[in-house]
file run-v7.txt (compact mmCIF, C-alpha atoms)
# COMPACT_ATOMS: atom_id res chain seq x y z
CA MET C 280 -49.08 11.86 3.75
CA PHE C 281 -49.53 12.54 7.44
CA SER C 282 -52.55 14.41 8.78
CA ASN C 283 -52.06 17.39 11.09
CA LYS C 284 -53.14 15.11 13.94
CA ASP C 285 -50.43 12.58 13.03
CA LEU C 286 -47.78 15.29 12.79
CA ASN C 287 -48.77 16.53 16.24
CA ARG C 288 -48.82 13.00 17.70
CA TYR C 289 -45.29 12.21 16.51
CA SER C 290 -43.90 15.75 16.67
CA ARG C 291 -41.36 15.01 19.42
CA GLN C 292 -39.68 12.31 17.36
CA ILE C 293 -40.19 13.90 13.93
CA ILE C 294 -38.23 16.93 15.18
CA LEU C 295 -35.19 14.68 15.66
CA LYS C 296 -32.76 15.08 12.77
CA LYS C 297 -32.25 11.31 12.68
CA VAL C 298 -35.99 10.78 12.19
CA GLY C 299 -37.89 13.58 10.45
CA VAL C 300 -40.96 13.01 8.28
CA LEU C 301 -39.13 10.50 6.06
CA GLY C 302 -38.05 8.49 9.11
CA GLN C 303 -41.58 8.55 10.48
CA LYS C 304 -42.76 7.18 7.14
CA LYS C 305 -40.26 4.30 7.48
CA ILE C 306 -41.67 3.52 10.94
CA GLN C 307 -45.22 3.67 9.58
CA ASN C 308 -44.35 1.21 6.80
CA ALA C 309 -42.53 -1.29 9.06
CA LYS C 310 -43.87 -4.66 10.16
CA VAL C 311 -42.62 -6.07 13.48
CA LEU C 312 -43.33 -9.45 15.06
CA VAL C 313 -43.02 -9.75 18.85
CA VAL C 314 -42.76 -13.33 20.09
CA GLY C 315 -43.47 -13.56 23.81
CA CYS C 316 -45.71 -10.85 25.28
CA GLY C 317 -44.48 -10.69 28.86
CA GLY C 318 -41.86 -8.73 30.77
CA LEU C 319 -39.86 -7.91 27.63
CA GLY C 320 -42.61 -8.02 25.04
CA THR C 321 -45.03 -5.62 26.71
CA PRO C 322 -42.69 -2.59 26.89
CA VAL C 323 -41.57 -3.31 23.31
CA ILE C 324 -45.18 -3.42 22.09
CA ASP C 325 -46.16 -0.33 24.05
CA LEU C 326 -43.26 1.79 22.79
CA LEU C 327 -43.46 0.67 19.15
CA CYS C 328 -47.19 1.38 18.97
CA ARG C 329 -46.68 4.83 20.49
CA ALA C 330 -43.90 5.44 17.94
CA GLY C 331 -46.37 4.76 15.11
CA ILE C 332 -45.26 1.35 13.87
CA GLY C 333 -47.32 0.32 10.85
CA GLU C 334 -48.05 -3.29 11.74
CA ILE C 335 -47.32 -5.34 14.83
CA GLY C 336 -47.74 -9.08 15.17
CA MET C 337 -47.91 -10.70 18.60
CA MET C 338 -47.35 -14.38 19.32
CA ASP C 339 -48.12 -15.76 22.78
CA HIS C 340 -50.30 -18.60 24.07
CA ASP C 341 -50.36 -17.66 27.77
CA LYS C 342 -52.94 -16.05 30.02
CA VAL C 343 -52.15 -13.22 32.43
CA SER C 344 -51.27 -14.43 35.93
CA ILE C 345 -51.07 -12.32 39.07
CA SER C 346 -47.30 -12.91 39.25
CA ASN C 347 -46.94 -11.13 35.88
CA LEU C 348 -48.28 -7.81 37.11
CA HIS C 349 -45.14 -6.44 38.79
CA ARG C 350 -43.25 -6.25 35.48
CA GLN C 351 -45.60 -6.79 32.51
CA ILE C 352 -46.62 -3.18 32.19
CA MET C 353 -49.61 -3.39 29.86
CA PHE C 354 -51.63 -5.61 32.19
CA ASN C 355 -53.61 -4.91 35.36
CA SER C 356 -55.53 -6.91 37.96
CA ASP C 357 -58.69 -7.06 35.82
CA ASP C 358 -56.72 -8.92 33.12
CA VAL C 359 -55.73 -11.93 35.26
CA GLY C 360 -56.93 -15.17 33.69
CA LYS C 361 -57.39 -13.66 30.22
CA TYR C 362 -55.28 -14.35 27.15
CA LYS C 363 -52.45 -11.83 26.87
CA ILE C 364 -52.74 -11.13 23.16
CA ASN C 365 -56.49 -10.50 23.41
CA ILE C 366 -55.91 -7.91 26.12
CA LEU C 367 -53.02 -6.32 24.24
CA LYS C 368 -54.99 -5.93 21.02
CA LYS C 369 -57.67 -3.94 22.86
CA LYS C 370 -55.11 -1.77 24.65
CA ILE C 371 -53.14 -1.05 21.47
CA ASN C 372 -56.36 0.16 19.88
CA LYS C 373 -56.73 2.66 22.72
CA ILE C 374 -53.11 3.81 22.39
CA ASN C 375 -52.96 4.14 18.60
CA LYS C 376 -55.86 3.05 16.38
CA LYS C 377 -53.77 3.36 13.21
CA VAL C 378 -51.49 0.44 14.17
CA LYS C 379 -52.48 -2.73 12.35
CA VAL C 380 -52.49 -5.62 14.82
CA LYS C 381 -52.23 -9.34 14.11
CA THR C 382 -52.44 -11.90 16.90
CA TYR C 383 -51.15 -15.47 17.04
CA ARG C 384 -52.41 -17.33 20.10
CA VAL C 385 -49.97 -20.20 19.69
CA LYS C 386 -46.73 -21.39 21.20
CA ALA C 387 -43.51 -20.42 19.39
CA GLU C 388 -42.78 -23.69 17.60
CA ASP C 389 -41.26 -24.72 14.27
CA ARG C 390 -44.48 -24.83 12.25
CA ASN C 391 -45.92 -21.62 13.71
CA LEU C 392 -42.76 -19.58 13.25
CA ASP C 393 -42.05 -20.89 9.76
CA LYS C 394 -45.49 -19.76 8.58
CA THR C 395 -45.55 -16.43 10.40
CA LEU C 396 -42.06 -14.95 10.64
CA LYS C 397 -41.45 -14.42 6.91
CA SER C 398 -44.19 -11.75 6.72
CA TYR C 399 -42.33 -9.31 9.00
CA ASP C 400 -39.31 -7.02 8.66
CA VAL C 401 -38.02 -7.18 12.23
CA ILE C 402 -38.43 -9.99 14.76
CA VAL C 403 -38.34 -9.29 18.51
CA ASP C 404 -37.68 -12.06 21.01
CA GLY C 405 -39.51 -11.62 24.29
CA THR C 406 -39.54 -15.31 25.21
CA ASP C 407 -38.36 -16.79 28.50
CA ASN C 408 -36.59 -19.90 27.18
CA PHE C 409 -33.62 -20.63 24.93
CA GLU C 410 -35.44 -23.26 22.87
CA ALA C 411 -37.69 -20.53 21.47
CA LYS C 412 -34.77 -18.10 21.06
CA PHE C 413 -32.83 -20.62 18.98
CA LEU C 414 -35.92 -21.25 16.82
CA LEU C 415 -36.25 -17.52 16.18
CA ASN C 416 -32.57 -17.45 15.35
CA LYS C 417 -32.97 -20.33 12.86
CA PHE C 418 -35.95 -18.87 10.99
CA SER C 419 -34.58 -15.33 11.00
CA ILE C 420 -31.48 -16.70 9.25
CA LYS C 421 -33.66 -18.67 6.81
CA TYR C 422 -35.68 -15.62 5.79
CA LYS C 423 -32.86 -13.06 6.21
CA LYS C 424 -34.59 -10.96 8.87
CA LYS C 425 -33.43 -8.53 11.53
CA LEU C 426 -33.67 -10.14 14.97
CA ILE C 427 -33.57 -8.43 18.38
CA ILE C 428 -33.11 -10.90 21.25
CA GLY C 429 -33.51 -10.17 24.96
CA ALA C 430 -32.99 -12.18 28.13
CA ILE C 431 -33.43 -11.15 31.78
CA SER C 432 -32.80 -12.42 35.28
CA LYS C 433 -32.48 -10.78 38.71
CA PHE C 434 -30.99 -7.32 37.99
CA GLU C 435 -29.39 -8.24 34.65
CA GLY C 436 -30.41 -8.03 31.01
CA HIS C 437 -28.78 -9.30 27.81
CA ILE C 438 -29.54 -7.85 24.36
CA PHE C 439 -28.44 -9.05 20.92
CA THR C 440 -29.13 -7.42 17.55
CA PHE C 441 -28.68 -9.52 14.42
CA ASP C 442 -29.12 -8.41 10.82
CA PHE C 443 -29.23 -11.51 8.66
CA THR C 444 -29.47 -9.44 5.48
CA LEU C 445 -25.72 -8.96 5.97
CA GLU C 446 -23.27 -11.71 5.05
CA LYS C 447 -20.93 -11.11 7.97
CA SER C 448 -23.52 -11.31 10.72
CA PRO C 449 -22.92 -13.94 13.42
CA CYS C 450 -25.95 -15.50 15.14
CA LEU C 451 -27.09 -16.56 18.59
CA LYS C 452 -25.49 -19.99 18.23
CA CYS C 453 -22.13 -18.37 17.47
CA PHE C 454 -22.26 -16.87 20.96
CA TYR C 455 -23.65 -19.78 22.99
CA GLN C 456 -22.38 -22.61 20.73
CA GLY C 457 -24.47 -25.04 22.76
CA GLU C 458 -27.85 -24.57 24.44
CA PRO C 459 -27.35 -23.01 27.91
CA SER C 460 -28.06 -25.22 30.89
CA GLU C 461 -31.52 -25.07 32.44
CA GLY C 462 -32.04 -22.09 34.72
CA VAL C 463 -29.62 -19.70 32.96
CA LEU C 464 -31.25 -16.25 32.79
CA ASP C 465 -34.51 -17.68 34.08
CA CYS C 466 -36.56 -15.12 35.97
CA GLU C 467 -39.03 -17.77 37.18
CA THR C 468 -36.36 -19.52 39.27
CA ASP C 469 -33.91 -16.63 39.82
CA GLY C 470 -36.42 -13.82 40.28
CA ILE C 471 -36.54 -10.49 38.47
CA LEU C 472 -36.89 -6.86 39.49
CA GLY C 473 -39.63 -5.22 37.43
CA PRO C 474 -37.54 -2.30 36.12
CA THR C 475 -34.92 -4.74 34.79
CA ALA C 476 -37.53 -6.20 32.42
CA VAL C 477 -38.88 -2.81 31.39
CA ILE C 478 -35.46 -1.23 30.79
CA THR C 479 -34.26 -4.24 28.78
CA GLY C 480 -37.47 -4.25 26.74
CA GLY C 481 -37.12 -0.50 26.23
CA LEU C 482 -33.62 -0.99 24.86
CA GLN C 483 -34.93 -3.70 22.52
CA ALA C 484 -37.58 -1.26 21.23
CA ASN C 485 -34.82 1.31 20.71
CA GLU C 486 -32.83 -1.21 18.67
CA VAL C 487 -35.92 -1.98 16.57
CA LEU C 488 -36.51 1.68 15.73
CA LYS C 489 -32.81 2.26 14.97
CA SER C 490 -32.82 -0.74 12.62
CA ILE C 491 -35.89 0.61 10.81
CA LEU C 492 -34.44 4.11 10.54
CA ILE C 493 -30.90 2.80 9.80
CA VAL C 494 -29.33 5.24 12.26
CA GLY C 495 -26.67 5.10 14.98
CA LYS C 496 -24.54 2.17 16.06
CA ASN C 497 -26.07 -1.25 16.46
CA LEU C 498 -25.09 -4.33 18.44
CA SER C 499 -23.97 -6.34 15.42
CA SER C 500 -21.41 -8.94 16.58
CA HIS C 501 -21.86 -7.83 20.20
CA ILE C 502 -23.92 -8.66 23.25
CA LEU C 503 -24.97 -5.78 25.50
CA ILE C 504 -24.97 -6.80 29.16
CA ILE C 505 -26.71 -4.47 31.58
CA ASP C 506 -26.20 -4.84 35.33
CA LEU C 507 -28.74 -2.55 36.97
CA LEU C 508 -27.73 -3.48 40.50
CA ASN C 509 -24.23 -2.07 40.03
CA LEU C 510 -25.05 0.28 37.12
CA LYS C 511 -22.61 -1.38 34.73
CA PHE C 512 -23.07 -1.67 30.97
CA ARG C 513 -20.77 -3.87 28.86
CA LYS C 514 -20.56 -4.62 25.14
CA VAL C 515 -18.83 -7.92 24.45
CA LEU C 516 -17.58 -8.75 20.95
CA PHE C 517 -18.05 -12.22 19.49
CA LYS C 518 -17.35 -13.56 16.01
CA LYS C 519 -19.04 -15.71 13.44
CA ARG C 520 -18.19 -19.33 14.25
CA LYS C 521 -17.00 -21.73 11.59
CA GLY C 522 -19.47 -24.55 11.01
CA CYS C 523 -22.39 -22.61 12.56
CA ILE C 524 -25.83 -22.59 10.91
CA CYS C 525 -25.24 -18.97 9.85
CA GLU C 526 -22.00 -19.75 8.00
CA ASN C 527 -23.56 -19.60 4.53
CA ILE C 528 -25.52 -16.38 4.83
call {"tool": "encode", "arguments": {"input": "run-v7.txt", "output": "C-alpha cells"}}
result
Amino acid sequence: MFSNKDLNRYSRQIILKKVGVLGQKKIQNAKVLVVGCGGLGTPVIDLLCRAGIGEIGMMDHDKVSISNLHRQIMFNSDDVGKYKINILKKKINKINKKVKVKTYRVKAEDRNLDKTLKSYDVIVDGTDNFEAKFLLNKFSIKYKKKLIIGAISKFEGHIFTFDFTLEKSPCLKCFYQGEPSEGVLDCETDGILGPTAVITGGLQANEVLKSILIVGKNLSSHILIIDLLNLKFRKVLFKKRKGCICENI
C-alpha cells in the first residue's frame, strides 16, 4: 500500500486514467536497466526515478567531463572528474529515497551484459556507439526483454522500442542489417544541441513507462525520427528480416 506521502508525491500521474493506483503499483514493481548514463541516460534516469520506478540499474564506466555538462542534465561543474554512476546514485537518493539503485561501473561488453541484463524487465540504451547497441539487442532477444534504444546527433534523434516477449517483433539488426559506418549518429564528431539529447531521452522514458503500464501505442516495428531543427517527426515502418538473429523468437 502507498502512504499518504506517496499518494501526494505521485498524485499528478495517479490521477491519470491510464495510470491510477494500480498503474503506480506496476511502476513501483518494475526493474529498469539503463546502459550509458550520458545525454540520453541522465534524463531517462531522472524521469523514471521521479515517476517512482522500483529499481533502477545503471551501467557506465566513464567519468564526468566538462564537455558533458551542456546536455547531461544530472551533472554540474563540481562533478567533473568523478565517476558518473557514483554521482547519480547520490542524486537519485535526494530525488526519491525509495528507488532501489544498483550500479555497474563497467563497460557494456558481452560478459557484463550477459550477467546483468537478465535481472531487469526493461532495458534502456543510452550508449553512444552501435557496437553496444547491437550487444543490448542480442541479449534482450536472448532473455526476451523489452528494449528501448536511442541515438542522437546534431538536431536529430532516433528511437526504437522492441518487445522481445512477442514473437513478431523485429530487432535492431532487421533495420540496419549491417553495422552502420563509423560516425553515423555520433555526437562527438557531428555535435549535438543539448535539448536534442534531453527530448530524445524524455521520449525514451515515456516509452519505458508506457511499456510498464501497457498503455497507448508503441513503436513496435517502427523507428521514430525526430528532427528538432525543422520540427518534423516521422515514424518509419520496418519488418522482421528473414535470417536475422531474431527470426526464432
call {"tool": "atom_distance", "arguments": {"input": "run-v7.txt", "atom1": "CA of Val477 in chain C", "atom2": "CA of Pro322 in chain C"}}
result
5.9 Å
call {"tool": "residues_around", "arguments": {"input": "run-v7.txt", "residues": "range 422-438 of chain C", "least_positions_apart": "6", "cutoff": "7 Å", "atoms": "all atoms listed in the file", "output": "ChimeraX atom specification"}}
result
/C:397,400-405,444,464-466,469-472,475-476,479,483,502-508
call {"tool": "closest_residue", "arguments": {"input": "run-v7.txt", "among": "C:Leu451, C:Ile293, C:Asn391, C:Thr382", "to": "Phe413 in chain C", "atoms": "all atoms listed in the file"}}
result
C:Leu451
call {"tool": "residues_around", "arguments": {"input": "run-v7.txt", "residues": "range 334-338 of chain C", "least_positions_apart": "5", "cutoff": "9 Å", "atoms": "all atoms listed in the file", "output": "NGL selection string"}}
result
:C and (307-316 or 320 or 324 or 327-328 or 364 or 367-368 or 377-387 or 399)
call {"tool": "atom_distance", "arguments": {"input": "run-v7.txt", "atom1": "CA of Phe439 in chain C", "atom2": "CA of Ile371 in chain C"}}
result
26.0 Å
call {"tool": "atom_distance", "arguments": {"input": "run-v7.txt", "atom1": "CA of Lys447 in chain C", "atom2": "CA of His501 in chain C"}}
result
12.7 Å
call {"tool": "closest_atom_pairs", "arguments": {"input": "run-v7.txt", "of": "range 480-514 of chain C", "to": "range 299-306 of chain C", "cutoff": "12 Å", "atoms": "only C-alpha atoms", "output": "tab-separated table"}}
result
residue	atom	partner	partner_atom	distance
C:Val487	CA	C:Ile306	CA	9.7
C:Leu488	CA	C:Ile306	CA	7.3
C:Lys489	CA	C:Ile306	CA	9.8
C:Ser490	CA	C:Ile306	CA	10.0
C:Ile491	CA	C:Ile306	CA	6.5
C:Leu492	CA	C:Gly302	CA	5.9
C:Ile493	CA	C:Gly302	CA	9.2
C:Val494	CA	C:Gly302	CA	9.8
call {"tool": "closest_residue", "arguments": {"input": "run-v7.txt", "among": "C:Lys421, C:Arg350, C:Lys511, C:Lys373", "to": "Cys525 in chain C", "atoms": "only C-alpha atoms"}}
result
C:Lys421
call {"tool": "closest_residue", "arguments": {"input": "run-v7.txt", "among": "C:Ala484, C:Glu467, C:Asp442, C:Asn287", "to": "Leu498 in chain C", "atoms": "all atoms listed in the file"}}
result
C:Asp442
call {"tool": "residues_around", "arguments": {"input": "run-v7.txt", "residues": "range 358-360 of chain C", "least_positions_apart": "3", "cutoff": "9 Å", "atoms": "only C-alpha atoms", "output": "PDB file with C-alpha atoms, keeping the file's coordinate frame"}}
result
ATOM      1  CA  LYS C 342     -52.940 -16.050  30.020  1.00  0.00           C
ATOM      2  CA  VAL C 343     -52.150 -13.220  32.430  1.00  0.00           C
ATOM      3  CA  SER C 344     -51.270 -14.430  35.930  1.00  0.00           C
ATOM      4  CA  ILE C 345     -51.070 -12.320  39.070  1.00  0.00           C
ATOM      5  CA  ASN C 347     -46.940 -11.130  35.880  1.00  0.00           C
ATOM      6  CA  LEU C 348     -48.280  -7.810  37.110  1.00  0.00           C
ATOM      7  CA  PHE C 354     -51.630  -5.610  32.190  1.00  0.00           C
ATOM      8  CA  ASN C 355     -53.610  -4.910  35.360  1.00  0.00           C
ATOM      9  CA  LYS C 363     -52.450 -11.830  26.870  1.00  0.00           C
ATOM     10  CA  ILE C 366     -55.910  -7.910  26.120  1.00  0.00           C
TER      11      ILE C 366
END
call {"tool": "closest_residue", "arguments": {"input": "run-v7.txt", "among": "C:Gly318, C:Ile478, C:Gln351, C:Asn527", "to": "Glu446 in chain C", "atoms": "all atoms listed in the file"}}
result
C:Asn527
call {"tool": "closest_residue", "arguments": {"input": "run-v7.txt", "among": "C:Lys496, C:Gly480, C:Lys370, C:Leu415", "to": "Thr321 in chain C", "atoms": "all atoms listed in the file"}}
result
C:Gly480
call {"tool": "closest_residue", "arguments": {"input": "run-v7.txt", "among": "C:Arg390, C:Leu326, C:Lys521, C:Leu445", "to": "Ile374 in chain C", "atoms": "all atoms listed in the file"}}
result
C:Leu326
